[in-house]
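Report on the following structure.
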Amino acid sequence: MILEIDNIELSFHSKPILEAIYIKAEKGKVTGILGKNGCGKSSLFRIIFGSLQPKHKLIRLNKKAITQKFYKIGMVAYLPQNNFIPKELLLKKVFGLYKGSWQRFTSIFEELALYENSKIKELSGGERRILEIYLVLQLGVKVVLLDEPFSNIAPLQIEKIKTLIHQEKSNKIILLSDHFYEDVLDVCERLYLIEGTRSIAIKNQKDLESYGYLTTKDSQ
């Protein structure tokens, strides 16, 4: 299963944000998108998801154009940067809505088992983020978009999330973006850099240095 994003053209107040974009992602390989603040990574995810309409776009799944908003046909799940689950909901209710397994969740994140009868608002910011990442990843969709999945999470939990991502990539396409580039490099088999409104295929960390995303000091 292959997803292709092509011919994206997006401007805000006549300022070009995305042009000359081509992203290819496939089941079984995690695809990472890197770029500096304000380069359009989150906008690109919203375009793929269907909540942002650019001037032009072409999204293909297995070479077939997706002409409807992707989320409306139930094939994509999206983790935005901000929390999205209402804080007054009970965790039991949330797991029911998302058809998630509490047993599997707590087998991975054992320290959260004590919240079984709690409301979302009783979790810390990092715990809430872990919950949302898990619920989005386990959904039975074809494509998952993760925007900043490693931010505000402890290193040990990040490693657990990486393991979960690798488990889920076998049956869905996963694209992710994060400023923690080392974690992105570690978990992704395919990489793109958004630089100057265009997408650039990246082979390794040296490429990130040559395009100015990293300095030699950053990568030491």
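Ligands are numbered from 1 in the order shown, residues from 1 within each chain, and chains are lettered A, B, ... in the order they appear in the structure tokens.
By chain and then residue number, the residues within 9 Å of Lys203 in chain A are Arg190, Leu191, Tyr192, Lys206, Asp207 and Leu208 of chain A, counting only C-alpha atoms and disregarding those fewer than 3 positions away in sequence.
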key: 10 Å contact set for Thr67 in chain A, only C-alpha atoms, chain neighbours under 5 positions out, as a PyMOL selection string   = chain A and resi 57-60
Write to file, as a compact mmCIF listing (two decimals), in the first residue's frame, the residues of the selection just made, with C-alpha atoms.
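Result saved to result-v5.txt:
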# COMPACT_ATOMS: atom_id res chain seq x y z
CA LYS A 57 -3.26 19.04 -4.25
CA LEU A 58 -3.01 15.50 -5.53
CA ILE A 59 -3.24 12.63 -3.06
CA ARG A 60 -3.06 9.07 -4.36
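Close contacts of Ile33 in chain A, defined as residues with an atom at most 8 Å away when counting only C-alpha atoms, with chain neighbours fewer than 6 positions off set aside, comprise A:Lys41, A:Leu175, A:Leu176, A:Ser177, A:Asp178, A:Leu191, A:Tyr192, A:Leu193, A:Ile194.
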Go ahead and dump the residues you just picked, C-alpha atoms, as a PDB file, in the first residue's frame.
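Result file is selection-v8.pdb:
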ATOM      1  CA  LYS A  41       4.844  20.562   8.166  1.00  0.00           C
ATOM      2  CA  LEU A 175       3.942   9.570   8.607  1.00  0.00           C
ATOM      3  CA  LEU A 176       5.378  11.601  11.455  1.00  0.00           C
ATOM      4  CA  SER A 177       7.069  14.914  12.115  1.00  0.00           C
ATOM      5  CA  ASP A 178       8.906  16.149  15.185  1.00  0.00           C
ATOM      6  CA  LEU A 191      12.845  10.870   5.299  1.00  0.00           C
ATOM      7  CA  TYR A 192      11.925  14.176   3.688  1.00  0.00           C
ATOM      8  CA  LEU A 193      12.994  17.704   4.514  1.00  0.00           C
ATOM      9  CA  ILE A 194      10.752  20.681   3.776  1.00  0.00           C
TER      10      ILE A 194
END
request  = Would you mind listing what lies within 9 Å of His166 in chain A as a PyMOL selection string, with only C-alpha atoms counted and same-chain residues fewer than 4 positions away left out?
outcome  = chain A and resi 28-30+161-162+170+187
Output file for the residues above (C-alpha atoms, as a compact mmCIF listing (two decimals), in the first residue's frame):
# COMPACT_ATOMS: atom_id res chain seq x y z
CA GLY A 28 5.81 -1.24 6.48
CA LYS A 29 8.07 1.83 6.42
CA VAL A 30 7.74 4.84 8.72
CA ILE A 161 6.21 4.84 21.56
CA LYS A 162 8.84 3.99 18.94
CA SER A 170 3.11 -3.55 9.43
CA VAL A 187 12.32 5.45 13.95
query = Hey, what does DSSP flag as helix (DSSP H, G or I) within chain A? Can you give it to me as number ranges by chain?
reply = A: 41-49, 70-73, 91-97, 102-108, 110-115, 120-122, 125-137, 155-171, 181-187, 205-210
List the neighbours of range 16-21 of chain A out to 10 Å using only C-alpha atoms; skip same-chain residues closer than 3 positions along the sequence, and give me the result as a tab-separated table (two decimals) with C-alpha atoms, in the first residue's frame.
chain	number	residue	atom	x	y	z
A	5	ILE	CA	1.28	13.43	-1.93
A	6	ASP	CA	2.01	15.58	-4.96
A	7	ASN	CA	1.41	18.96	-6.57
A	8	ILE	CA	0.63	20.73	-3.28
A	9	GLU	CA	0.34	24.49	-3.58
A	10	LEU	CA	-0.45	26.46	-0.43
A	11	SER	CA	-0.12	30.18	0.29
A	12	PHE	CA	-1.08	32.37	3.25
A	13	HIS	CA	-1.68	36.07	2.51
A	38	GLY	CA	6.97	27.63	10.13
A	39	CYS	CA	8.00	25.61	7.08
A	40	GLY	CA	4.54	24.05	6.66
A	41	LYS	CA	4.84	20.56	8.17
A	43	SER	CA	-0.16	22.44	7.24
A	44	LEU	CA	0.91	19.51	5.06
A	54	PRO	CA	-4.82	24.30	-0.50
A	56	HIS	CA	-3.83	22.57	-5.50
A	57	LYS	CA	-3.26	19.04	-4.25
A	192	TYR	CA	11.93	14.18	3.69
A	194	ILE	CA	10.75	20.68	3.78
A	195	GLU	CA	13.04	23.51	2.78
A	196	GLY	CA	12.03	26.70	0.99
A	197	THR	CA	8.51	25.44	0.16
A	198	ARG	CA	9.78	22.22	-1.48
A	199	SER	CA	10.28	18.66	-0.25
A	200	ILE	CA	13.70	17.02	-0.47
Within 9 Å of Ile133 in chain A, counting only C-alpha atoms, which residues show up once you throw out same-chain ones fewer than 2 positions away? Write them as a PDB file with N, CA, C and O atoms, in the first residue's frame, please.
ATOM      1  N   LEU A  79      -2.956  12.755  14.597  1.00  0.00           N
ATOM      2  CA  LEU A  79      -2.585  13.266  15.914  1.00  0.00           C
ATOM      3  C   LEU A  79      -2.091  14.695  15.738  1.00  0.00           C
ATOM      4  O   LEU A  79      -0.974  14.903  15.251  1.00  0.00           O
ATOM      5  N   ARG A 128      -1.239  12.398  29.113  1.00  0.00           N
ATOM      6  CA  ARG A 128      -2.355  12.614  28.183  1.00  0.00           C
ATOM      7  C   ARG A 128      -1.882  12.441  26.740  1.00  0.00           C
ATOM      8  O   ARG A 128      -2.586  11.857  25.909  1.00  0.00           O
ATOM      9  N   ARG A 129      -0.676  12.928  26.460  1.00  0.00           N
ATOM     10  CA  ARG A 129      -0.132  12.798  25.113  1.00  0.00           C
ATOM     11  C   ARG A 129       0.109  11.336  24.767  1.00  0.00           C
ATOM     12  O   ARG A 129      -0.185  10.886  23.654  1.00  0.00           O
ATOM     13  N   ILE A 130       0.642  10.570  25.711  1.00  0.00           N
ATOM     14  CA  ILE A 130       0.873   9.145  25.488  1.00  0.00           C
ATOM     15  C   ILE A 130      -0.437   8.441  25.155  1.00  0.00           C
ATOM     16  O   ILE A 130      -0.510   7.621  24.225  1.00  0.00           O
ATOM     17  N   LEU A 131      -1.472   8.746  25.911  1.00  0.00           N
ATOM     18  CA  LEU A 131      -2.790   8.144  25.683  1.00  0.00           C
ATOM     19  C   LEU A 131      -3.281   8.445  24.275  1.00  0.00           C
ATOM     20  O   LEU A 131      -3.752   7.552  23.557  1.00  0.00           O
ATOM     21  N   LEU A 135      -4.021   5.732  21.200  1.00  0.00           N
ATOM     22  CA  LEU A 135      -5.363   5.573  20.633  1.00  0.00           C
ATOM     23  C   LEU A 135      -5.380   5.839  19.135  1.00  0.00           C
ATOM     24  O   LEU A 135      -6.068   5.148  18.377  1.00  0.00           O
ATOM     25  N   VAL A 136      -4.633   6.834  18.678  1.00  0.00           N
ATOM     26  CA  VAL A 136      -4.575   7.132  17.247  1.00  0.00           C
ATOM     27  C   VAL A 136      -3.868   6.006  16.486  1.00  0.00           C
ATOM     28  O   VAL A 136      -4.328   5.561  15.435  1.00  0.00           O
ATOM     29  N   LEU A 137      -2.749   5.528  17.040  1.00  0.00           N
ATOM     30  CA  LEU A 137      -1.980   4.489  16.351  1.00  0.00           C
ATOM     31  C   LEU A 137      -2.738   3.173  16.207  1.00  0.00           C
ATOM     32  O   LEU A 137      -2.577   2.462  15.208  1.00  0.00           O
ATOM     33  N   GLN A 138      -3.579   2.837  17.203  1.00  0.00           N
ATOM     34  CA  GLN A 138      -4.214   1.527  17.174  1.00  0.00           C
ATOM     35  C   GLN A 138      -5.512   1.481  16.348  1.00  0.00           C
ATOM     36  O   GLN A 138      -6.100   0.417  16.181  1.00  0.00           O
ATOM     37  N   LEU A 146       1.206  11.624  12.494  1.00  0.00           N
ATOM     38  CA  LEU A 146       1.604  11.966  13.864  1.00  0.00           C
ATOM     39  C   LEU A 146       2.393  13.272  13.847  1.00  0.00           C
ATOM     40  O   LEU A 146       3.517  13.318  13.335  1.00  0.00           O
ATOM     41  N   PRO A 149       4.889  13.667  17.942  1.00  0.00           N
ATOM     42  CA  PRO A 149       4.565  12.610  18.915  1.00  0.00           C
ATOM     43  C   PRO A 149       5.563  12.469  20.058  1.00  0.00           C
ATOM     44  O   PRO A 149       5.246  11.827  21.063  1.00  0.00           O
ATOM     45  N   ILE A 161       7.012   4.360  22.685  1.00  0.00           N
ATOM     46  CA  ILE A 161       6.208   4.835  21.559  1.00  0.00           C
ATOM     47  C   ILE A 161       6.835   4.408  20.233  1.00  0.00           C
ATOM     48  O   ILE A 161       6.142   3.996  19.301  1.00  0.00           O
TER      49      ILE A 161
END
task = Name the residues in contact with Ile73 in chain A at a cut-off of 12 Å, using only C-alpha atoms, excluding same-chain residues fewer than 4 positions from it; report them as a VMD selection string.
result = chain A and resid 49 to 50 66 to 69 77 141 to 143
Selected residues written out, N, CA and C atoms, as a CSV table (one decimal), in the first residue's frame:
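Writing the result to part33.csv gives the following:
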chain,number,residue,atom,x,y,z
A,49,PHE,N,-4.9,15.1,5.7
A,49,PHE,CA,-6.1,14.7,6.5
A,49,PHE,C,-7.4,15.2,5.9
A,50,GLY,N,-7.3,16.4,5.4
A,50,GLY,CA,-8.5,17.0,4.7
A,50,GLY,C,-9.1,18.2,5.4
A,66,ILE,N,-7.4,10.3,-4.4
A,66,ILE,CA,-8.4,10.6,-3.3
A,66,ILE,C,-9.0,11.9,-3.6
A,67,THR,N,-10.3,11.9,-4.0
A,67,THR,CA,-10.9,13.1,-4.4
A,67,THR,C,-11.8,13.7,-3.3
A,68,GLN,N,-12.2,12.9,-2.3
A,68,GLN,CA,-12.9,13.4,-1.2
A,68,GLN,C,-11.9,13.8,-0.1
A,69,LYS,N,-12.4,14.5,0.9
A,69,LYS,CA,-11.6,14.8,2.1
A,69,LYS,C,-11.3,13.4,2.7
A,77,ALA,N,-6.1,8.7,10.3
A,77,ALA,CA,-6.2,9.2,11.6
A,77,ALA,C,-5.1,10.2,11.8
A,141,VAL,N,-7.2,2.1,10.6
A,141,VAL,CA,-7.2,2.9,9.4
A,141,VAL,C,-6.0,2.5,8.5
A,142,LYS,N,-6.0,3.1,7.3
A,142,LYS,CA,-4.9,2.8,6.4
A,142,LYS,C,-3.7,3.8,6.6
A,143,VAL,N,-4.0,5.0,7.0
A,143,VAL,CA,-2.9,6.0,7.1
A,143,VAL,C,-3.0,6.7,8.5
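Remark: for Met1 in chain A, the closest of the candidate residues A:Leu145, A:Ile173, A:Ala65, A:Leu89 is A:Ile173 (distances computed over only C-alpha atoms).
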Those in range 6-184 of chain A with strand (DSSP E) from DSSP, as a ChimeraX atom specification = /A:6-12,15-18,22-26,30-34,56-61,64-65,76-79,143-147,173-177
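Taking CA of Ile108 in chain A and CA of Ile48 in chain A as endpoints, the distance between them is 29.5 Å.
Remark: for Glu127 in chain A, the closest of the candidate residues A:Ile153, A:Gly140, A:Glu159, A:Asn62 is A:Ile153 (distances computed over only C-alpha atoms).
Proximity of A:Ile85, A:Leu34, A:Ile158, A:Val76 to Tyr181 in chain A, computed with only C-alpha atoms, is greatest for A:Leu34.
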remark   = Taken to one decimal, the CA of Gln157 in chain A-CA of Glu110 in chain A distance is 10.8 Å
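Going from CA of Glu4 in chain A over to CA of Leu61 in chain A, you cover 6.5 Å.
Using only C-alpha atoms, the smallest distance between any of A:Lys15, A:Lys24, A:Lys160, A:Lys36 and Leu3 in chain A comes from A:Lys24.
For the residues A:Leu91, A:Met75, A:Leu185, A:Ile202, ranking by smallest atom-to-atom distance to Glu122 in chain A using only C-alpha atoms places A:Leu91 first.
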